[in-house]
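File shown: work_6.cif. Contents: mmCIF, C-alpha atoms.
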```cif
data_my_file
#
loop_
_atom_site.label_atom_id
_atom_site.label_comp_id
_atom_site.auth_asym_id
_atom_site.auth_seq_id
_atom_site.Cartn_x
_atom_site.Cartn_y
_atom_site.Cartn_z
CA MET A 19 13.99 12.38 -34.48
CA VAL A 20 10.80 13.50 -32.69
CA ALA A 21 9.60 9.89 -32.47
CA ARG A 22 12.81 8.97 -30.67
CA VAL A 23 12.72 11.92 -28.28
CA VAL A 24 9.16 11.21 -27.09
CA PRO A 25 9.84 7.61 -25.91
CA LEU A 26 13.03 8.75 -24.19
CA ALA A 27 11.12 11.52 -22.42
CA SER A 28 8.43 9.04 -21.39
CA LEU A 29 10.99 6.57 -20.05
CA SER A 30 12.74 9.34 -18.15
CA HIS A 31 9.40 10.44 -16.67
CA GLU A 32 8.52 6.90 -15.57
CA PHE A 33 11.95 6.39 -14.03
CA GLU A 34 11.54 9.64 -12.10
CA ILE A 35 8.15 8.46 -10.78
CA PHE A 36 9.68 5.12 -9.81
CA LEU A 37 12.40 6.94 -7.86
CA GLN A 38 9.86 9.16 -6.11
CA PHE A 39 7.86 6.14 -4.98
CA SER A 40 10.72 3.88 -3.97
CA TRP A 41 13.93 5.77 -3.12
CA ARG A 42 13.36 5.44 0.62
CA ASP A 43 13.32 1.64 0.37
CA TRP A 44 16.35 0.94 -1.82
CA SER A 45 18.49 0.56 1.30
CA ALA A 46 16.20 -2.25 2.47
CA THR A 47 15.63 -4.03 -0.85
CA ILE A 48 17.72 -3.42 -3.97
CA ILE A 49 20.98 -2.69 -2.12
CA PRO A 50 20.95 -5.61 0.39
CA GLY A 51 19.59 -7.95 -2.29
CA SER A 52 22.49 -7.05 -4.56
CA ILE A 53 25.02 -7.44 -1.75
CA PHE A 54 23.61 -10.82 -0.72
CA ALA A 55 23.77 -11.96 -4.35
CA VAL A 56 27.54 -11.52 -4.30
CA GLY A 57 27.78 -14.71 -2.25
CA ALA A 58 26.16 -16.65 -5.10
CA VAL A 59 28.61 -15.42 -7.76
CA GLN A 60 31.06 -18.22 -7.02
CA SER A 61 28.33 -20.75 -7.81
CA THR A 62 27.61 -19.55 -11.35
CA GLN A 63 29.57 -19.37 -14.59
CA PRO A 64 31.61 -16.14 -14.95
CA SER A 65 30.22 -15.57 -18.44
CA LEU A 66 26.67 -15.50 -17.04
CA ILE A 67 27.20 -13.16 -14.09
CA ILE A 68 26.15 -9.96 -15.87
CA PHE A 69 23.08 -11.61 -17.41
CA ARG A 70 22.09 -13.14 -14.05
CA TYR A 71 22.48 -9.80 -12.26
CA ILE A 72 20.30 -8.08 -14.86
CA LEU A 73 17.72 -10.78 -14.15
CA LEU A 74 17.99 -10.01 -10.43
CA LEU A 75 17.49 -6.27 -11.00
CA SER A 76 14.51 -7.10 -13.23
CA TRP A 77 13.00 -8.95 -10.27
CA LEU A 78 13.97 -6.48 -7.53
CA THR A 79 12.61 -3.44 -9.36
CA PRO A 80 8.94 -4.53 -9.63
CA TYR A 81 9.36 -6.25 -6.22
CA ILE A 82 9.74 -2.90 -4.49
CA TYR A 83 7.69 -0.83 -6.98
CA PHE A 84 4.56 -3.00 -6.65
CA PHE A 85 4.76 -2.81 -2.86
CA ASN A 86 5.37 0.94 -2.78
CA LEU A 87 2.51 1.65 -5.17
CA LEU A 88 -0.09 -0.47 -3.37
CA ASN A 89 1.14 0.66 0.04
CA GLN A 90 0.93 4.34 -0.89
CA ILE A 91 -2.39 3.94 -2.72
CA THR A 92 -3.94 2.50 0.44
CA GLY A 93 -2.08 4.86 2.79
CA VAL A 94 -2.67 8.34 1.37
CA ASP A 95 -4.10 9.70 4.63
CA GLU A 96 -1.07 8.47 6.57
CA ASP A 97 1.37 9.87 4.02
CA ARG A 98 -0.25 13.31 4.20
CA ILE A 99 1.05 13.40 7.79
CA ASN A 100 4.22 11.27 7.85
CA LYS A 101 5.53 11.68 4.29
CA PRO A 102 3.71 14.53 2.48
CA ASP A 103 6.45 14.69 -0.18
CA ARG A 104 5.39 11.35 -1.67
CA PRO A 105 3.92 11.52 -5.22
CA ILE A 106 0.22 11.06 -4.39
CA PRO A 107 -0.23 13.44 -1.40
CA SER A 108 2.06 16.00 -3.02
CA GLY A 109 -0.04 15.98 -6.20
CA LYS A 110 2.79 14.81 -8.47
CA LEU A 111 0.72 11.78 -9.51
CA THR A 112 -3.01 11.07 -9.46
CA LEU A 113 -4.44 8.14 -7.55
CA ASN A 114 -5.73 6.66 -10.80
CA GLY A 115 -2.27 6.94 -12.37
CA ALA A 116 -0.77 5.11 -9.40
CA LYS A 117 -3.36 2.32 -9.70
CA TRP A 118 -2.52 1.72 -13.37
CA ARG A 119 1.18 1.53 -12.55
CA CYS A 120 0.44 -0.83 -9.68
CA VAL A 121 -1.33 -3.28 -12.02
CA ILE A 122 1.43 -3.07 -14.62
CA SER A 123 4.22 -3.56 -12.07
CA LEU A 124 2.40 -6.59 -10.65
CA LEU A 125 2.04 -8.16 -14.12
CA VAL A 126 5.73 -7.53 -14.85
CA PHE A 127 6.72 -9.02 -11.50
CA LEU A 128 4.63 -12.15 -12.07
CA SER A 129 6.19 -12.61 -15.52
CA ILE A 130 9.78 -12.88 -14.24
CA PRO A 131 9.50 -16.58 -13.22
CA ALA A 132 8.74 -17.38 -16.87
CA PHE A 133 12.43 -16.63 -17.50
CA GLU A 134 13.65 -18.21 -14.25
CA PRO A 135 11.16 -20.70 -12.74
CA ALA A 136 13.26 -21.01 -9.58
CA LEU A 137 12.00 -17.57 -8.55
CA LEU A 138 8.32 -18.59 -8.57
CA PRO A 139 7.98 -19.43 -4.82
CA GLU A 140 9.55 -16.13 -3.72
CA THR A 141 7.53 -14.17 -6.29
CA LEU A 142 4.17 -15.59 -5.22
CA CYS A 143 5.13 -15.31 -1.56
CA TRP A 144 5.92 -11.59 -1.92
CA VAL A 145 2.65 -10.88 -3.71
CA LEU A 146 0.77 -12.53 -0.83
CA VAL A 147 2.80 -10.55 1.71
CA VAL A 148 2.02 -7.24 -0.02
CA VAL A 149 -1.70 -8.05 -0.20
CA PHE A 150 -1.62 -9.08 3.47
CA LEU A 151 0.12 -5.86 4.50
CA CYS A 152 -1.91 -3.43 2.44
CA LEU A 153 -5.38 -4.97 2.19
CA THR A 154 -6.07 -6.88 5.42
CA PRO A 155 -6.67 -5.72 9.02
CA ALA A 156 -3.97 -8.12 10.25
CA GLY A 157 -1.44 -6.23 8.14
CA ASN A 158 -2.08 -3.17 10.32
CA HIS A 159 -1.29 -5.00 13.57
CA TRP A 160 2.27 -4.98 14.95
CA LEU A 161 2.43 -8.78 15.05
CA GLY A 162 1.29 -9.27 11.47
CA LYS A 163 2.96 -6.18 10.02
CA SER A 164 6.47 -6.65 11.39
CA CYS A 165 6.97 -10.07 12.94
CA VAL A 166 5.16 -12.02 10.21
CA ALA A 167 5.10 -9.99 6.99
CA MET A 168 8.55 -8.47 7.25
CA SER A 169 10.15 -11.79 8.14
CA VAL A 170 8.49 -13.58 5.23
CA GLY A 171 9.18 -10.66 2.91
CA LEU A 172 12.90 -10.68 3.70
CA TRP A 173 12.99 -14.45 3.19
CA SER A 174 11.57 -13.85 -0.29
CA LEU A 175 14.07 -11.06 -1.00
CA LEU A 176 17.18 -12.95 0.09
CA GLY A 177 16.11 -16.27 -1.40
CA ALA A 178 15.38 -14.72 -4.79
CA SER A 179 18.59 -12.65 -4.68
CA TRP A 180 20.58 -15.87 -4.40
CA LYS A 181 18.55 -17.88 -6.89
CA ALA A 182 18.67 -15.19 -9.56
CA ILE A 183 22.46 -15.54 -9.65
CA ALA A 184 22.77 -19.27 -8.92
CA PRO A 185 19.42 -21.11 -9.13
CA GLY A 186 18.93 -23.25 -6.05
CA LEU A 187 19.42 -22.14 -2.45
CA PRO A 188 22.81 -22.55 -0.73
CA LYS A 189 23.35 -25.48 1.63
CA ASP A 190 23.35 -23.11 4.58
CA ASP A 191 19.99 -21.56 3.71
CA HIS A 192 19.16 -21.53 7.43
CA ASN A 193 21.16 -18.28 7.43
CA ILE A 194 18.40 -16.72 5.34
CA LEU A 195 15.77 -17.86 7.83
CA ALA A 196 17.79 -16.50 10.76
CA LEU A 197 18.21 -13.10 9.10
CA SER A 198 14.50 -13.02 8.29
CA VAL A 199 13.49 -13.66 11.91
CA TRP A 200 16.03 -11.09 13.10
CA ALA A 201 14.68 -8.43 10.74
CA GLY A 202 11.05 -9.16 11.61
CA LEU A 203 11.76 -8.60 15.30
CA LEU A 204 13.76 -5.40 14.91
CA THR A 205 11.48 -3.86 12.28
CA GLN A 206 9.34 -2.74 15.23
CA ILE A 207 11.85 0.12 15.53
CA GLN A 208 10.44 1.84 12.44
CA ASP A 209 7.05 2.27 14.09
CA LEU A 210 8.53 4.54 16.77
CA ARG A 211 8.81 7.33 14.19
CA ASP A 212 5.35 7.05 12.57
CA VAL A 213 2.93 7.08 15.51
CA GLU A 214 0.89 10.11 14.41
CA GLY A 215 0.21 8.86 10.88
CA ASP A 216 -0.33 5.25 11.99
CA ALA A 217 -2.95 6.37 14.50
CA VAL A 218 -4.85 8.28 11.81
CA VAL A 219 -5.25 5.18 9.63
CA GLY A 220 -6.07 2.90 12.57
CA ARG A 221 -2.86 0.87 12.72
CA LYS A 222 -2.16 -1.00 15.93
CA THR A 223 1.61 -0.72 16.07
CA MET A 224 3.50 -1.43 19.29
CA PRO A 225 3.89 2.24 20.30
CA ILE A 226 0.15 2.79 19.84
CA VAL A 227 -0.87 -0.39 21.67
CA PHE A 228 1.68 -0.36 24.52
CA GLY A 229 2.89 3.24 24.56
CA ASP A 230 6.22 4.71 23.51
CA VAL A 231 8.28 4.02 26.65
CA ALA A 232 6.98 0.48 27.12
CA THR A 233 7.64 -0.32 23.46
CA ARG A 234 11.24 0.84 23.71
CA ARG A 235 11.74 -1.38 26.74
CA VAL A 236 10.17 -4.38 25.00
CA ILE A 237 12.39 -3.87 21.95
CA VAL A 238 15.58 -3.59 24.02
CA LEU A 239 14.89 -6.16 26.73
CA LEU A 240 12.92 -8.80 24.81
CA LEU A 241 13.01 -8.47 21.03
CA MET A 242 16.67 -7.54 20.64
CA PRO A 243 18.00 -10.47 22.73
CA THR A 244 15.66 -12.80 20.81
CA ALA A 245 16.95 -11.38 17.52
CA LEU A 246 20.55 -12.01 18.64
CA LEU A 247 19.54 -15.54 19.59
CA ALA A 248 18.19 -16.06 16.08
CA LEU A 249 21.54 -14.93 14.66
CA TRP A 250 23.31 -17.37 16.97
CA VAL A 251 21.07 -20.30 16.00
CA GLY A 252 21.56 -19.41 12.33
CA ASP A 253 25.39 -19.49 12.68
CA ILE A 254 25.63 -15.79 11.86
CA LEU A 255 26.60 -14.39 15.26
CA SER A 256 29.69 -16.63 15.31
CA ILE A 257 31.05 -14.85 12.20
CA ALA A 258 31.72 -11.65 14.16
CA PRO A 259 30.39 -12.07 17.72
CA PHE A 260 32.06 -9.01 19.25
CA THR A 261 31.19 -6.64 16.39
CA LEU A 262 27.56 -7.78 16.14
CA THR A 263 27.06 -7.64 19.92
CA ILE A 264 28.51 -4.11 20.16
CA ALA A 265 26.35 -3.04 17.21
CA HIS A 266 23.23 -4.26 18.99
CA VAL A 267 24.26 -2.55 22.24
CA PHE A 268 24.68 0.71 20.31
CA LEU A 269 21.29 0.18 18.66
CA ALA A 270 19.70 -0.51 22.06
CA TYR A 271 21.13 2.74 23.40
CA ARG A 272 19.62 4.69 20.49
CA VAL A 273 16.23 3.00 20.87
CA MET A 274 16.05 4.04 24.52
CA GLN A 275 16.54 7.71 23.61
CA THR A 276 13.49 9.86 22.92
CA GLY A 277 14.88 12.26 20.38
CA GLY A 278 11.82 12.66 18.17
CA SER A 279 10.69 11.08 14.91
CA ARG A 280 13.76 12.17 12.92
CA TYR A 281 16.06 10.60 15.52
CA ASP A 282 13.98 7.40 15.49
CA HIS A 283 14.17 7.34 11.68
CA GLN A 284 17.97 7.49 11.87
CA THR A 285 17.91 4.68 14.43
CA TYR A 286 15.83 2.55 12.09
CA MET A 287 18.27 3.20 9.24
CA VAL A 288 21.07 1.99 11.52
CA SER A 289 19.12 -1.23 12.17
CA LEU A 290 18.62 -2.11 8.48
CA PRO A 291 20.20 -5.45 7.42
#
```

What would the structure in this file look like if it were written as structure tokens?
Amino acid sequence: MVARVVPLASLSHEFEIFLQFSWRDWSATIIPGSIFAVGAVQSTQPSLIIFRYILLLSWLTPYIYFFNLLNQITGVDEDRINKPDRPIPSGKLTLNGAKWRCVISLLVFLSIPAFEPALLPETLCWVLVVVFLCLTPAGNHWLGKSCVAMSVGLWSLLGASWKAIAPGLPKDDHNILALSVWAGLLTQIQDLRDVEGDAVVGRKTMPIVFGDVATRRVIVLLLMPTALLALWVGDILSIAPFTLTIAHVFLAYRVMQTGGSRYDHQTYMVSLP
């Protein structure tokens, strides 16, 4: 009985740590990946749907965990200011403990394509994106961080979410590319809330480089129309042109308000795909 209780306690502890590291990003990874995968259900055998979705969750979990671990390992100083409740700055987990979990999550993530080879391109691509974001100077620049890394990262997420359910991309895979470009452009919104912490670690986000007011104008007058154009080219805007246009007008209104970091965080959550 004791032998059974100990593993269960250990698993519960590890799941709690996983939640503490990643709960903020479920709305941008596990949830949209699962929703996008619904479109692939019609292309797979009904008897395999549950198995294929378990495969997807097995890919999505280390996908976000590996990123969160490496990102928070290399960003402790920033988190002490912007997110002091995170496991490392709050003292809930040691830096060494986080490093071990980072290595293990990476190995688990890289092993998934052994069960589904179709996921190999997206898997390798995401590993490169995480390394680029967390370990290179270009990953700290607004162009590399948001426009490049986030676009490529979302392409990996959506592509793998489809392939895990129905191996092989859909015929209209240009939709994935359009969504990826759209997200990369509008991800600049998240940097409006984190200026203080980003400045401490030397990031060159748009608000730091151009200033808060100028950045809001660039997002609304340049990046948002370009993002809508990407949706139009990708045949996504035509699905609900009025609704999507109104949604972007509402988002533009929020971006132009200066309501503080909490308000900007809520605006970013509204902008999530």

Please evaluate the PyMOL selection byres ((chain A and resi 205) around 12) against the displayed coordinates and give the resulting residues as a VMD selection string. chain A and resid 46 160 to 169 171 to 172 197 to 204 206 to 211 223 to 224 237 241 to 242 245 273 282 to 283 285 to 291

Please produce a file of the residues just selected, as a PDB file, keeping the file's coordinate frame, where the atoms kept are C-alpha atoms.
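Saved as selection_10.pdb:
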```pdb
ATOM      1  CA  ALA A  46      16.200  -2.250   2.470  1.00  0.00           C
ATOM      2  CA  TRP A 160       2.270  -4.980  14.950  1.00  0.00           C
ATOM      3  CA  LEU A 161       2.430  -8.780  15.050  1.00  0.00           C
ATOM      4  CA  GLY A 162       1.290  -9.270  11.470  1.00  0.00           C
ATOM      5  CA  LYS A 163       2.960  -6.180  10.020  1.00  0.00           C
ATOM      6  CA  SER A 164       6.470  -6.650  11.390  1.00  0.00           C
ATOM      7  CA  CYS A 165       6.970 -10.070  12.940  1.00  0.00           C
ATOM      8  CA  VAL A 166       5.160 -12.020  10.210  1.00  0.00           C
ATOM      9  CA  ALA A 167       5.100  -9.990   6.990  1.00  0.00           C
ATOM     10  CA  MET A 168       8.550  -8.470   7.250  1.00  0.00           C
ATOM     11  CA  SER A 169      10.150 -11.790   8.140  1.00  0.00           C
ATOM     12  CA  GLY A 171       9.180 -10.660   2.910  1.00  0.00           C
ATOM     13  CA  LEU A 172      12.900 -10.680   3.700  1.00  0.00           C
ATOM     14  CA  LEU A 197      18.210 -13.100   9.100  1.00  0.00           C
ATOM     15  CA  SER A 198      14.500 -13.020   8.290  1.00  0.00           C
ATOM     16  CA  VAL A 199      13.490 -13.660  11.910  1.00  0.00           C
ATOM     17  CA  TRP A 200      16.030 -11.090  13.100  1.00  0.00           C
ATOM     18  CA  ALA A 201      14.680  -8.430  10.740  1.00  0.00           C
ATOM     19  CA  GLY A 202      11.050  -9.160  11.610  1.00  0.00           C
ATOM     20  CA  LEU A 203      11.760  -8.600  15.300  1.00  0.00           C
ATOM     21  CA  LEU A 204      13.760  -5.400  14.910  1.00  0.00           C
ATOM     22  CA  GLN A 206       9.340  -2.740  15.230  1.00  0.00           C
ATOM     23  CA  ILE A 207      11.850   0.120  15.530  1.00  0.00           C
ATOM     24  CA  GLN A 208      10.440   1.840  12.440  1.00  0.00           C
ATOM     25  CA  ASP A 209       7.050   2.270  14.090  1.00  0.00           C
ATOM     26  CA  LEU A 210       8.530   4.540  16.770  1.00  0.00           C
ATOM     27  CA  ARG A 211       8.810   7.330  14.190  1.00  0.00           C
ATOM     28  CA  THR A 223       1.610  -0.720  16.070  1.00  0.00           C
ATOM     29  CA  MET A 224       3.500  -1.430  19.290  1.00  0.00           C
ATOM     30  CA  ILE A 237      12.390  -3.870  21.950  1.00  0.00           C
ATOM     31  CA  LEU A 241      13.010  -8.470  21.030  1.00  0.00           C
ATOM     32  CA  MET A 242      16.670  -7.540  20.640  1.00  0.00           C
ATOM     33  CA  ALA A 245      16.950 -11.380  17.520  1.00  0.00           C
ATOM     34  CA  VAL A 273      16.230   3.000  20.870  1.00  0.00           C
ATOM     35  CA  ASP A 282      13.980   7.400  15.490  1.00  0.00           C
ATOM     36  CA  HIS A 283      14.170   7.340  11.680  1.00  0.00           C
ATOM     37  CA  THR A 285      17.910   4.680  14.430  1.00  0.00           C
ATOM     38  CA  TYR A 286      15.830   2.550  12.090  1.00  0.00           C
ATOM     39  CA  MET A 287      18.270   3.200   9.240  1.00  0.00           C
ATOM     40  CA  VAL A 288      21.070   1.990  11.520  1.00  0.00           C
ATOM     41  CA  SER A 289      19.120  -1.230  12.170  1.00  0.00           C
ATOM     42  CA  LEU A 290      18.620  -2.110   8.480  1.00  0.00           C
ATOM     43  CA  PRO A 291      20.200  -5.450   7.420  1.00  0.00           C
TER      44      PRO A 291
END
```

Show me a table, sorted first by chain and then by increasing residue number, of the residues of region 104-170 of chain A having an atom at most 9 Å from region 64-75 of chain A, each with its shortest atom pair and the distance in Å to one decimal, counting all atoms listed in the file and written as a Markdown table.
```
| residue | atom | partner | partner_atom | distance |
| --- | --- | --- | --- | --- |
| A:Ile130 | CA | A:Leu73 | CA | 8.2 |
| A:Phe133 | CA | A:Leu73 | CA | 8.6 |
| A:Glu134 | CA | A:Leu73 | CA | 8.5 |
```

Can you list what the PyMOL selection byres ((chain A and resi 38) around 12) grabs from this structure, as a ChimeraX atom specification? /A:31-37,39-44,83,86-87,90,101-108,110-111,116

Surrounding residues of Glu214 (chain A) excluding itself and chain neighbours under 6 positions, 9 Å, all atoms listed in the file, as a PDB file with C-alpha atoms, keeping the file's coordinate frame:
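Output contents, as saved in out-v5.pdb:
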```
ATOM      1  CA  GLU A  96      -1.070   8.470   6.570  1.00  0.00           C
ATOM      2  CA  ILE A  99       1.050  13.400   7.790  1.00  0.00           C
ATOM      3  CA  ASN A 100       4.220  11.270   7.850  1.00  0.00           C
TER       4      ASN A 100
END
```

In Å and to one decimal, CA of Arg221 (chain A) is distant from CA of Val145 (chain A) by 20.9 Å

Check: Can you list, as a ChimeraX atom specification, every protein, DNA or RNA residue that comes within 9 Å of Leu124 (chain A) when you count all atoms listed in the file, leaving out same-chain residues fewer than 2 positions away?
Finding: /A:80-81,83-85,119-122,126-129,145

Translate the PyMOL selection byres ((chain A and resi 239) around 12) into a concrete residue list for this structure, as a short mmCIF file (atom, residue, chain, number, x, y, z; two decimals) with C-alpha atoms, keeping the file's coordinate frame.
```cif
data_model
loop_
_atom_site.label_atom_id
_atom_site.label_comp_id
_atom_site.auth_asym_id
_atom_site.auth_seq_id
_atom_site.Cartn_x
_atom_site.Cartn_y
_atom_site.Cartn_z
CA LEU A 204 13.76 -5.40 14.91
CA ALA A 232 6.98 0.48 27.12
CA THR A 233 7.64 -0.32 23.46
CA ARG A 234 11.24 0.84 23.71
CA ARG A 235 11.74 -1.38 26.74
CA VAL A 236 10.17 -4.38 25.00
CA ILE A 237 12.39 -3.87 21.95
CA VAL A 238 15.58 -3.59 24.02
CA LEU A 240 12.92 -8.80 24.81
CA LEU A 241 13.01 -8.47 21.03
CA MET A 242 16.67 -7.54 20.64
CA PRO A 243 18.00 -10.47 22.73
CA THR A 244 15.66 -12.80 20.81
CA ALA A 245 16.95 -11.38 17.52
CA LEU A 246 20.55 -12.01 18.64
CA HIS A 266 23.23 -4.26 18.99
CA VAL A 267 24.26 -2.55 22.24
CA ALA A 270 19.70 -0.51 22.06
CA TYR A 271 21.13 2.74 23.40
CA VAL A 273 16.23 3.00 20.87
CA MET A 274 16.05 4.04 24.52
#
```

* Asked: Between A:Leu255, A:Val231, A:Leu88, A:Leu249, which one has atoms that come closest to Val149 (chain A), using all atoms listed in the file?
  ->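 Among the listed residues, the smallest separation from Val149 (chain A) belongs to A:Leu88.
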
In terms of all atoms listed in the file, the residue from A:Val94, A:Leu176, A:Leu142, A:Leu137 at minimal distance from Gly51 (chain A) is A:Leu176

Nearest residue to Val227 (chain A) out of A:Ile183, A:Gly252, A:Ser279, A:His159, using all atoms listed in the file?
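Using all atoms listed in the file, the shortest distance to Val227 (chain A) belongs to A:His159.
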
Between CA of Leu151 (chain A) and CA of Thr92 (chain A) lies a distance of 10.1 Å

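Closest approach to Asn158 (chain A) among A:His192, A:Lys117, A:Lys181, A:Lys222: A:Lys222, based on only C-alpha atoms.
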
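You will find CA of Ile91 (chain A) at 16.9 Å from CA of Leu146 (chain A).
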
Nearest to Val148 (chain A), restricted to all atoms listed in the file and choosing among A:Leu247, A:Leu125, A:Val213, A:Ile82, comes out as A:Ile82
